[in-house]
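Here's the structure we're looking at; comments come further down.
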Amino acid sequence: SSPPPPPPSSPPPPPRHNLTVPDLQIHVVSSPGSPEDLKNFGLNEQMAKFFRMNDDEHGFVLLPTLLHQGKTGSIQLRSADPLAAPVVNAAYLQHPDDIKTYLAGIKLALKIAQSASMREFTDGTLRINWEECPQTRCGCPNKDLAATPDSFWECMVRTVVSTVYHPAGTAKMGRADDPMAVLDPELRVRGVDNLRVCDASAWPMVISGNTNAPAIMVAERAADIIKAGNRR
C-alpha cells in the first residue's frame, strides 16, 4: 500500500542564521577506527570504501555533526496494522543551509587537525581513498586540503553522511492547542489513560548535543511528577 499523506506540520524551525543555539558539534575519536566502526555508524560497504582504516595504526577521527537541520523529519503510521513498519522521513540535507554548516564543520576540523598543537599526533593527512571518488563529478581533491573545492566536500557529505542515533521529538509535549502535541506538559499521552512517554520522544525540539543525560533528566522529572501525584 502507498504511504499515508503527510501529517499537518509543526511550525518550521527558525531560519538557520537566526539560531541562538549551537548548530555544529565535532565528535573526537582517539583512534583511526576500523571498517567495523563505520558500520556501527550506519555506513554500508559502498560508503566505507572511501576510507583507509586500520585499527593497528595510530590516528584519530574528527566527526563534524549537524545538530539542527533546516527541515524537520517525520515518522508516520503506515497503516492500522500495529506490526507494520512506520514511514520514516529523516529530511536529511533537504535544506541548503545543512550543506553550508557541514562545509564549515569540515573546514574547522581540517584546521584543528593541521594545527601546530596536533603535529605531535598527526601529519594532517586525511585517510581517504581519493581514487574511489568520481573526480569528474565533484572536483579533484587538492594536496593542500584547505584549497580543495567545496564541490568535493559536498560530494563527500552527500555520499557518506550518517547518523549518531539521536532521533527525538516523535511524541512531543506541548499545549492543548498544538495539533502536533502528543503529550501534555506532564508527559501524559493525550486521550489515553495511565500512559506517559518519558524519553527523548517528548522533546519539542532536539537538543544541541548528546541526548543521553537529558533523556535521563526527562525520566527523573516524570518520576517526580508521578510521586507528587500519588501524595495528593
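Scheme for the C-alpha cells: letters A, B, ... for chains in order shown; per-chain residue numbers from 1; ligand numbers from 1 in order shown.
Residues lying within 8 Å of Arg175 in chain A, counting only C-alpha atoms and ignoring same-chain neighbours fewer than 5 positions away, are Ala181, Asp184 and Pro185 of chain A.
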Legend entry - In range 19-84 of chain A, DSSP helix (DSSP H, G or I) residues written as a ChimeraX atom specification: /A:35-40,45-48
Legend entry - All strand (DSSP E) positions in range 54-205 of chain A, as a list in words: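 After running DSSP on the backbone, range 54-205 of chain A has strand (DSSP E) at Val61, Leu62, Leu63, Pro64, Thr65, Leu66, Ser74, Ile75, Gln76, Val87, Val88 and Asn89 of chain A.
Nearest-residue note for Leu103 in chain A: choosing from A:Pro167, A:Pro214, A:Pro64, A:Pro82, the minimum distance belongs to A:Pro64, counting only C-alpha atoms.
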Legend entry - Shell of 9 Å around Ile207 in chain A, only C-alpha atoms, local chain residues under 5 positions omitted, as a list in words: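 Final neighbour list, sorted by chain and number: Leu67, His68, Ala168 and Pro214 of chain A.
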How would the residues just picked look written out with N, CA and C atoms as a compact mmCIF listing (two decimals), in the first residue's frame?
```txt
# COMPACT_ATOMS: atom_id res chain seq x y z
N LEU A 67 23.69 19.62 14.19
CA LEU A 67 22.80 19.48 15.33
C LEU A 67 21.37 19.89 15.03
N HIS A 68 21.18 20.87 14.18
CA HIS A 68 19.82 21.35 13.87
C HIS A 68 19.69 21.50 12.36
N ALA A 168 14.69 12.31 18.03
CA ALA A 168 13.93 12.84 19.16
C ALA A 168 12.67 13.51 18.63
N PRO A 214 20.18 14.25 29.03
CA PRO A 214 18.88 14.93 29.06
C PRO A 214 17.70 13.96 29.03
```
Legend entry - Between CA of Ser34 in chain A and CA of Phe121 in chain A - distance in Å to one decimal: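 Computed distance, CA of Phe121 in chain A to CA of Ser34 in chain A, equals 18.3 Å.
The gap separating CA of Ser74 in chain A from CA of Cys198 in chain A is 19.3 Å, in Å to one decimal.
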Legend entry - Atomic separation - CA of Ala219 in chain A relative to CA of His27 in chain A, Å: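 Those two atoms sit 25.8 Å apart.
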Inset, instruction - Have a look at A:Leu77, A:Val160, A:Val189, A:Val29 and name the one nearest to Leu43 in chain A; count only C-alpha atoms. - result: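 Ranked by minimum distance to Leu43 in chain A, first place goes to A:Val160.
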